[in-house]
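my_file05.pdb follows (PDB, C-alpha atoms, pLDDT in the B column):
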ATOM      1  CA  MET A   1     -45.234  36.592  29.145  1.00 55.00           C
ATOM      2  CA  LYS A   2     -48.147  37.507  26.904  1.00 50.00           C
ATOM      3  CA  LYS A   3     -48.731  40.636  28.973  1.00 52.00           C
ATOM      4  CA  ILE A   4     -45.088  41.682  28.573  1.00 52.00           C
ATOM      5  CA  ILE A   5     -45.222  41.200  24.788  1.00 48.00           C
ATOM      6  CA  ALA A   6     -48.516  43.135  24.634  1.00 46.00           C
ATOM      7  CA  VAL A   7     -47.013  45.990  26.683  1.00 43.00           C
ATOM      8  CA  ILE A   8     -43.896  46.047  24.474  1.00 52.00           C
ATOM      9  CA  LEU A   9     -46.018  46.045  21.278  1.00 49.00           C
ATOM     10  CA  SER A  10     -48.237  48.807  22.681  1.00 52.00           C
ATOM     11  CA  ALA A  11     -45.191  50.870  23.616  1.00 49.00           C
ATOM     12  CA  CYS A  12     -43.725  50.372  20.136  1.00 49.00           C
ATOM     13  CA  CYS A  13     -47.007  51.403  18.478  1.00 48.00           C
ATOM     14  CA  ILE A  14     -47.315  54.504  20.646  1.00 51.00           C
ATOM     15  CA  GLY A  15     -43.657  55.355  19.994  1.00 50.00           C
ATOM     16  CA  ALA A  16     -44.124  54.932  16.230  1.00 46.00           C
ATOM     17  CA  LEU A  17     -47.258  57.044  16.343  1.00 44.00           C
ATOM     18  CA  LEU A  18     -45.528  59.843  18.230  1.00 46.00           C
ATOM     19  CA  ALA A  19     -42.458  59.669  16.002  1.00 47.00           C
ATOM     20  CA  GLY A  20     -44.672  59.887  12.943  1.00 50.00           C
ATOM     21  CA  CYS A  21     -46.358  63.001  14.255  1.00 49.00           C
ATOM     22  CA  GLY A  22     -42.997  64.570  14.962  1.00 49.00           C
ATOM     23  CA  VAL A  23     -41.738  63.868  11.436  1.00 42.00           C
ATOM     24  CA  SER A  24     -44.910  65.249   9.964  1.00 44.00           C
ATOM     25  CA  ASP A  25     -44.568  68.418  12.039  1.00 45.00           C
ATOM     26  CA  ALA A  26     -40.934  68.768  11.030  1.00 42.00           C
ATOM     27  CA  LEU A  27     -41.847  68.411   7.335  1.00 41.00           C
ATOM     28  CA  THR A  28     -44.628  70.954   7.688  1.00 43.00           C
ATOM     29  CA  GLN A  29     -42.269  73.387   9.413  1.00 46.00           C
ATOM     30  CA  THR A  30     -39.664  72.886   6.652  1.00 42.00           C
ATOM     31  CA  LYS A  31     -42.241  73.529   3.910  1.00 43.00           C
ATOM     32  CA  ASN A  32     -43.521  76.625   5.717  1.00 46.00           C
ATOM     33  CA  THR A  33     -39.961  77.914   6.094  1.00 43.00           C
ATOM     34  CA  GLU A  34     -39.293  77.334   2.379  1.00 43.00           C
ATOM     35  CA  ASN A  35     -42.506  79.136   1.384  1.00 43.00           C
ATOM     36  CA  THR A  36     -41.714  82.053   3.700  1.00 41.00           C
ATOM     37  CA  THR A  37     -38.172  82.261   2.312  1.00 39.00           C
ATOM     38  CA  GLN A  38     -39.432  82.243  -1.293  1.00 39.00           C
ATOM     39  CA  ALA A  39     -42.054  84.883  -0.529  1.00 41.00           C
ATOM     40  CA  SER A  40     -39.530  87.156   1.193  1.00 38.00           C
ATOM     41  CA  GLU A  41     -37.054  86.702  -1.683  1.00 38.00           C
ATOM     42  CA  GLN A  42     -39.761  87.773  -4.142  1.00 39.00           C
ATOM     43  CA  GLU A  43     -40.625  90.778  -1.983  1.00 43.00           C
ATOM     44  CA  ASN A  44     -36.946  91.758  -1.818  1.00 42.00           C
ATOM     45  CA  GLU A  45     -36.459  91.653  -5.610  1.00 44.00           C
ATOM     46  CA  PRO A  46     -35.951  95.165  -6.900  1.00 54.00           C
ATOM     47  CA  SER A  47     -38.954  96.324  -8.886  1.00 85.00           C
ATOM     48  CA  VAL A  48     -38.454  97.902 -12.273  1.00 83.00           C
ATOM     49  CA  LYS A  49     -40.261 101.231 -12.479  1.00 89.00           C
ATOM     50  CA  ASP A  50     -41.068 102.942 -15.765  1.00 86.00           C
ATOM     51  CA  THR A  51     -40.217 106.312 -14.255  1.00 87.00           C
ATOM     52  CA  ASP A  52     -36.610 105.150 -13.821  1.00 89.00           C
ATOM     53  CA  PHE A  53     -36.214 105.291 -17.616  1.00 91.00           C
ATOM     54  CA  ASN A  54     -36.091 108.219 -20.029  1.00 92.00           C
ATOM     55  CA  ASN A  55     -39.445 109.061 -21.580  1.00 92.00           C
ATOM     56  CA  ASP A  56     -38.182 108.430 -25.098  1.00 94.00           C
ATOM     57  CA  PHE A  57     -38.035 105.496 -27.495  1.00 95.00           C
ATOM     58  CA  ASP A  58     -34.688 104.222 -26.178  1.00 92.00           C
ATOM     59  CA  GLY A  59     -36.003 104.483 -22.614  1.00 93.00           C
ATOM     60  CA  LEU A  60     -39.030 102.369 -23.556  1.00 94.00           C
ATOM     61  CA  CYS A  61     -36.781  99.732 -25.176  1.00 91.00           C
ATOM     62  CA  ASP A  62     -34.503  99.703 -22.107  1.00 89.00           C
ATOM     63  CA  TYR A  63     -37.546  99.374 -19.835  1.00 92.00           C
ATOM     64  CA  PHE A  64     -38.791  96.345 -21.785  1.00 91.00           C
ATOM     65  CA  VAL A  65     -35.360  94.718 -21.556  1.00 88.00           C
ATOM     66  CA  ALA A  66     -35.188  95.383 -17.808  1.00 87.00           C
ATOM     67  CA  LYS A  67     -38.672  93.902 -17.336  1.00 90.00           C
ATOM     68  CA  GLY A  68     -37.612  90.827 -19.356  1.00 87.00           C
ATOM     69  CA  TYR A  69     -40.361  91.430 -21.919  1.00 89.00           C
ATOM     70  CA  THR A  70     -38.175  91.482 -24.980  1.00 84.00           C
ATOM     71  CA  VAL A  71     -34.904  89.682 -25.496  1.00 69.00           C
ATOM     72  CA  ALA A  72     -32.593  87.555 -23.440  1.00 55.00           C
ATOM     73  CA  LYS A  73     -29.888  89.707 -21.997  1.00 53.00           C
ATOM     74  CA  ALA A  74     -26.356  89.147 -20.775  1.00 54.00           C
ATOM     75  CA  GLY A  75     -26.051  91.414 -17.786  1.00 57.00           C
ATOM     76  CA  ASP A  76     -27.918  94.512 -18.876  1.00 55.00           C
ATOM     77  CA  LYS A  77     -26.839  94.310 -22.512  1.00 60.00           C
ATOM     78  CA  LEU A  78     -29.329  93.790 -25.310  1.00 64.00           C
ATOM     79  CA  ASP A  79     -28.812  90.753 -27.544  1.00 68.00           C
ATOM     80  CA  GLU A  80     -28.642  92.693 -30.812  1.00 75.00           C
ATOM     81  CA  LYS A  81     -29.010  89.478 -32.857  1.00 77.00           C
ATOM     82  CA  LYS A  82     -32.630  89.325 -31.727  1.00 80.00           C
ATOM     83  CA  VAL A  83     -33.444  92.928 -32.622  1.00 88.00           C
ATOM     84  CA  THR A  84     -34.480  94.189 -36.059  1.00 91.00           C
ATOM     85  CA  GLU A  85     -34.610  97.863 -36.970  1.00 93.00           C
ATOM     86  CA  MET A  86     -38.007  98.438 -38.567  1.00 93.00           C
ATOM     87  CA  ASP A  87     -38.944 100.797 -41.404  1.00 92.00           C
ATOM     88  CA  SER A  88     -40.845 103.025 -39.037  1.00 94.00           C
ATOM     89  CA  ALA A  89     -41.914 105.387 -41.823  1.00 93.00           C
ATOM     90  CA  LEU A  90     -44.456 102.750 -42.908  1.00 93.00           C
ATOM     91  CA  VAL A  91     -46.424 103.478 -39.729  1.00 95.00           C
ATOM     92  CA  GLY A  92     -45.508 107.168 -39.593  1.00 95.00           C
ATOM     93  CA  ALA A  93     -43.196 106.714 -36.615  1.00 96.00           C
ATOM     94  CA  GLU A  94     -39.730 108.164 -36.029  1.00 96.00           C
ATOM     95  CA  ASN A  95     -38.209 104.861 -34.939  1.00 95.00           C
ATOM     96  CA  GLY A  96     -39.101 101.231 -34.538  1.00 96.00           C
ATOM     97  CA  LYS A  97     -37.611  97.946 -33.394  1.00 95.00           C
ATOM     98  CA  LYS A  98     -38.801  94.354 -33.536  1.00 95.00           C
ATOM     99  CA  PHE A  99     -37.687  92.012 -30.768  1.00 92.00           C
ATOM    100  CA  ALA A 100     -37.723  88.216 -31.100  1.00 89.00           C
ATOM    101  CA  THR A 101     -38.206  86.533 -27.743  1.00 88.00           C
ATOM    102  CA  SER A 102     -40.152  83.763 -26.056  1.00 87.00           C
ATOM    103  CA  TYR A 103     -42.305  83.079 -23.031  1.00 89.00           C
ATOM    104  CA  ASN A 104     -43.080  79.593 -21.699  1.00 90.00           C
ATOM    105  CA  GLY A 105     -41.219  78.191 -24.694  1.00 90.00           C
ATOM    106  CA  LYS A 106     -43.517  79.974 -27.176  1.00 92.00           C
ATOM    107  CA  SER A 107     -42.117  82.351 -29.789  1.00 92.00           C
ATOM    108  CA  ILE A 108     -43.143  85.973 -29.395  1.00 93.00           C
ATOM    109  CA  THR A 109     -42.377  89.133 -31.310  1.00 94.00           C
ATOM    110  CA  VAL A 110     -42.701  92.578 -29.808  1.00 95.00           C
ATOM    111  CA  GLU A 111     -42.578  95.590 -32.100  1.00 96.00           C
ATOM    112  CA  LEU A 112     -42.143  99.010 -30.524  1.00 96.00           C
ATOM    113  CA  TYR A 113     -42.494 102.335 -32.342  1.00 97.00           C
ATOM    114  CA  GLY A 114     -41.913 105.898 -31.178  1.00 97.00           C
ATOM    115  CA  TYR A 115     -43.824 108.977 -32.387  1.00 96.00           C
ATOM    116  CA  ASN A 116     -43.096 112.672 -32.174  1.00 94.00           C
ATOM    117  CA  THR A 117     -46.591 113.695 -31.108  1.00 92.00           C
ATOM    118  CA  SER A 118     -46.009 117.352 -31.985  1.00 94.00           C
ATOM    119  CA  GLU A 119     -45.197 116.477 -35.609  1.00 93.00           C
ATOM    120  CA  LEU A 120     -47.446 113.560 -36.617  1.00 95.00           C
ATOM    121  CA  ASN A 121     -47.710 113.026 -40.374  1.00 95.00           C
ATOM    122  CA  ASP A 122     -50.914 111.851 -42.070  1.00 95.00           C
ATOM    123  CA  THR A 123     -49.857 108.177 -41.942  1.00 95.00           C
ATOM    124  CA  ALA A 124     -49.207 108.373 -38.199  1.00 95.00           C
ATOM    125  CA  LYS A 125     -52.512 110.145 -37.586  1.00 96.00           C
ATOM    126  CA  GLN A 126     -54.463 107.515 -39.563  1.00 95.00           C
ATOM    127  CA  ILE A 127     -52.770 104.584 -37.834  1.00 96.00           C
ATOM    128  CA  ILE A 128     -53.124 106.009 -34.326  1.00 95.00           C
ATOM    129  CA  GLU A 129     -56.771 106.891 -34.965  1.00 96.00           C
ATOM    130  CA  SER A 130     -57.442 103.370 -36.282  1.00 96.00           C
ATOM    131  CA  ILE A 131     -55.815 101.743 -33.244  1.00 96.00           C
ATOM    132  CA  LYS A 132     -57.754 103.956 -30.848  1.00 95.00           C
ATOM    133  CA  LYS A 133     -60.988 103.158 -32.701  1.00 96.00           C
ATOM    134  CA  ASP A 134     -60.808  99.350 -33.027  1.00 95.00           C
ATOM    135  CA  GLY A 135     -57.372  98.209 -31.789  1.00 96.00           C
ATOM    136  CA  THR A 136     -55.983  97.473 -35.263  1.00 96.00           C
ATOM    137  CA  PHE A 137     -54.342  99.166 -38.221  1.00 95.00           C
ATOM    138  CA  SER A 138     -53.651  98.168 -41.819  1.00 93.00           C
ATOM    139  CA  ILE A 139     -50.806  99.099 -44.143  1.00 88.00           C
ATOM    140  CA  LEU A 140     -50.014  98.259 -47.757  1.00 86.00           C
ATOM    141  CA  GLY A 141     -53.278  96.300 -48.109  1.00 84.00           C
ATOM    142  CA  PHE A 142     -52.281  93.629 -45.584  1.00 87.00           C
ATOM    143  CA  ASP A 143     -54.739  92.184 -43.066  1.00 90.00           C
ATOM    144  CA  PRO A 144     -55.351  94.353 -40.002  1.00 94.00           C
ATOM    145  CA  VAL A 145     -52.708  94.119 -37.281  1.00 94.00           C
ATOM    146  CA  LYS A 146     -53.663  94.257 -33.594  1.00 96.00           C
ATOM    147  CA  ALA A 147     -51.739  97.042 -31.871  1.00 97.00           C
ATOM    148  CA  TYR A 148     -51.670  99.214 -28.758  1.00 97.00           C
ATOM    149  CA  ILE A 149     -51.021 102.910 -28.150  1.00 97.00           C
ATOM    150  CA  SER A 150     -49.415 104.067 -24.904  1.00 96.00           C
ATOM    151  CA  ASP A 151     -51.502 106.270 -22.616  1.00 95.00           C
ATOM    152  CA  ASN A 152     -49.235 109.235 -23.389  1.00 93.00           C
ATOM    153  CA  GLY A 153     -49.708 108.674 -27.144  1.00 93.00           C
ATOM    154  CA  LYS A 154     -45.972 108.577 -27.857  1.00 96.00           C
ATOM    155  CA  TYR A 155     -45.557 104.837 -28.517  1.00 96.00           C
ATOM    156  CA  MET A 156     -47.147 101.967 -30.386  1.00 97.00           C
ATOM    157  CA  MET A 157     -46.700  98.252 -29.706  1.00 97.00           C
ATOM    158  CA  VAL A 158     -47.503  95.158 -31.753  1.00 97.00           C
ATOM    159  CA  TYR A 159     -47.381  92.003 -29.606  1.00 96.00           C
ATOM    160  CA  SER A 160     -47.559  88.666 -31.450  1.00 95.00           C
ATOM    161  CA  ASP A 161     -47.896  85.305 -29.700  1.00 94.00           C
ATOM    162  CA  ALA A 162     -49.627  82.724 -31.915  1.00 93.00           C
ATOM    163  CA  SER A 163     -50.013  80.328 -28.952  1.00 93.00           C
ATOM    164  CA  ILE A 164     -52.595  82.524 -27.204  1.00 92.00           C
ATOM    165  CA  ASP A 165     -56.181  81.312 -27.254  1.00 91.00           C
ATOM    166  CA  GLU A 166     -58.318  84.375 -26.493  1.00 91.00           C
ATOM    167  CA  SER A 167     -60.948  82.186 -24.784  1.00 91.00           C
ATOM    168  CA  LYS A 168     -58.420  80.906 -22.201  1.00 91.00           C
ATOM    169  CA  THR A 169     -57.868  83.991 -20.085  1.00 91.00           C
ATOM    170  CA  ASP A 170     -56.219  81.982 -17.289  1.00 90.00           C
ATOM    171  CA  ASP A 171     -53.428  80.742 -19.598  1.00 92.00           C
ATOM    172  CA  ASP A 172     -49.925  81.916 -18.574  1.00 93.00           C
ATOM    173  CA  ASN A 173     -49.122  83.384 -21.994  1.00 93.00           C
ATOM    174  CA  TYR A 174     -52.426  85.257 -22.055  1.00 95.00           C
ATOM    175  CA  THR A 175     -51.866  86.778 -18.600  1.00 95.00           C
ATOM    176  CA  HIS A 176     -48.245  87.576 -19.497  1.00 95.00           C
ATOM    177  CA  ARG A 177     -49.359  89.459 -22.622  1.00 96.00           C
ATOM    178  CA  GLU A 178     -51.942  91.398 -20.615  1.00 96.00           C
ATOM    179  CA  GLN A 179     -49.246  92.423 -18.100  1.00 95.00           C
ATOM    180  CA  VAL A 180     -46.935  93.541 -20.929  1.00 95.00           C
ATOM    181  CA  ILE A 181     -49.769  95.595 -22.457  1.00 96.00           C
ATOM    182  CA  GLU A 182     -50.585  97.189 -19.097  1.00 96.00           C
ATOM    183  CA  ASP A 183     -46.951  98.144 -18.460  1.00 95.00           C
ATOM    184  CA  PHE A 184     -46.531  99.389 -22.031  1.00 95.00           C
ATOM    185  CA  LYS A 185     -49.595 101.622 -21.883  1.00 96.00           C
ATOM    186  CA  ALA A 186     -48.562 103.085 -18.524  1.00 94.00           C
ATOM    187  CA  PHE A 187     -44.931 103.757 -19.547  1.00 94.00           C
ATOM    188  CA  ASN A 188     -44.154 107.290 -18.337  1.00 86.00           C
ATOM    189  CA  SER A 189     -47.782 108.287 -18.862  1.00 82.00           C
ATOM    190  CA  ALA A 190     -47.550 110.789 -16.027  1.00 72.00           C
ATOM    191  CA  SER A 191     -44.703 112.609 -17.809  1.00 56.00           C
TER
END
Could you show the structure in this file as structure tokens?
Amino acid sequence: MKKIIAVILSACCIGALLAGCGVSDALTQTKNTENTTQASEQENEPSVKDTDFNNDFDGLCDYFVAKGYTVAKAGDKLDEKKVTEMDSALVGAENGKKFATSYNGKSITVELYGYNTSELNDTAKQIIESIKKDGTFSILGFDPVKAYISDNGKYMMVYSDASIDESKTDDDNYTHREQVIEDFKAFNSAS
């Protein structure tokens, strides 16, 4: 009788062990399938290319909306409540817009300005030269503002995210800003 009970217990233990391995394998296969599906969905997402947009100020603004860098959008429409027309003459530009947005729940503002590079006035020349020299410019006696000039010299961007700690380069908001800057600088630079 004891031998029968021992055999039954051994069989149950072996059965439980094998069943456990099978469940584990099934879970692993499910996770791998989910990861593969997510990766292929990301690969299939259409990429937004700067060359698909006009090489003008409106094209740059549309590009930033399409990339999701500026304002929340309904369809492909800009939420005009989150856009402010800027007095672009203060920086010597032809046009300028300020976009209120957020990333990771942190408030961000993105200011974009467009220049006519064949007709730069003295203000524009001073500001562009200052940005190229030390990455900042100053107007009306205010503290210097960090800004960026596109590689083709036609656009300026001011990106403000007070949550960024410059010493934490692995922070999501830091890496997001760096990606925005990279895409901004490269916008239609080959044109």
Do a neighbour search on Phe187 in chain A at 10 Å with only C-alpha atoms, toss out local chain neighbours closer than 5 positions, and write the hits as an mmCIF file with C-alpha atoms, in the frame of the given file.
data_model
loop_
_atom_site.group_PDB
_atom_site.id
_atom_site.type_symbol
_atom_site.label_atom_id
_atom_site.label_comp_id
_atom_site.auth_asym_id
_atom_site.auth_seq_id
_atom_site.Cartn_x
_atom_site.Cartn_y
_atom_site.Cartn_z
ATOM 1 C CA LYS A 49 -40.261 101.231 -12.479
ATOM 2 C CA ASP A 50 -41.068 102.942 -15.765
ATOM 3 C CA THR A 51 -40.217 106.312 -14.255
ATOM 4 C CA PHE A 53 -36.214 105.291 -17.616
ATOM 5 C CA ASN A 54 -36.091 108.219 -20.029
ATOM 6 C CA ASN A 55 -39.445 109.061 -21.580
ATOM 7 C CA ASP A 56 -38.182 108.430 -25.098
ATOM 8 C CA GLY A 59 -36.003 104.483 -22.614
ATOM 9 C CA LEU A 60 -39.030 102.369 -23.556
ATOM 10 C CA TYR A 63 -37.546 99.374 -19.835
ATOM 11 C CA PHE A 64 -38.791 96.345 -21.785
ATOM 12 C CA SER A 150 -49.415 104.067 -24.904
ATOM 13 C CA ASP A 151 -51.502 106.270 -22.616
ATOM 14 C CA ASN A 152 -49.235 109.235 -23.389
ATOM 15 C CA LYS A 154 -45.972 108.577 -27.857
ATOM 16 C CA TYR A 155 -45.557 104.837 -28.517
ATOM 17 C CA ILE A 181 -49.769 95.595 -22.457
ATOM 18 C CA GLU A 182 -50.585 97.189 -19.097
#
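Within the 8 Å cut-off around range 96-111 of chain A, using all atoms listed in the file and omitting residues fewer than 4 positions from it on the same chain, the listed residues are Tyr69, Thr70, Val71, Ala72, Lys82, Val83, Thr84, Glu85, Met86, Asp87, Ser88, Met157, Val158, Tyr159, Ser160, Asp161, Ala162, Ser163, Asp172 and Asn173 of chain A.
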Problem set entry | Interatomic distance, CA of Met156 in chain A to CA of Gly114 in chain A (Å, one decimal) |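 Answer for the CA of Met156 in chain A to CA of Gly114 in chain A separation: 6.6 Å.
Running the PyMOL selection byres ((chain A and resi 145) around 12) on this file leaves Val91, Glu111, Ile127, Ser130, Ile131, Asp134, Gly135, Thr136, Phe137, Ser138, Ile139, Leu140, Gly141, Phe142, Asp143, Pro144, Lys146, Ala147, Tyr148, Met156, Met157, Val158, Tyr159 and Ser160 of chain A selected.
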Exercise. Could you work out how far CA of Glu80 in chain A lies from CA of Ala93 in chain A, giving the answer in Å with one decimal?
Worked result: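 That distance, rounded to one decimal, is 21.0 Å.
Between CA of Arg177 in chain A and CA of Ala89 in chain A lies a distance of 26.0 Å.
Of the listed residues (A:Cys61, A:Val48, A:Ala124, A:Leu112), A:Ala124 comes nearest to Gly92 in chain A; the distances count all atoms listed in the file.
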Problem set entry | Selected residue of minimal separation from Val180 in chain A among A:Tyr113, A:Lys67, A:Lys125, A:Glu94, counting only C-alpha atoms |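 The closest residue to Val180 in chain A is A:Lys67.
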So for range 131-142 of chain A, what box centre and size do we get, axis-aligned, 8 Å extra on each of the six sides, every listed atom, Å to one decimal, as AutoDock Vina command-line options?
--center_x -55.5 --center_y 98.8 --center_z -39.5 --size_x 27.0 --size_y 26.3 --size_z 33.3
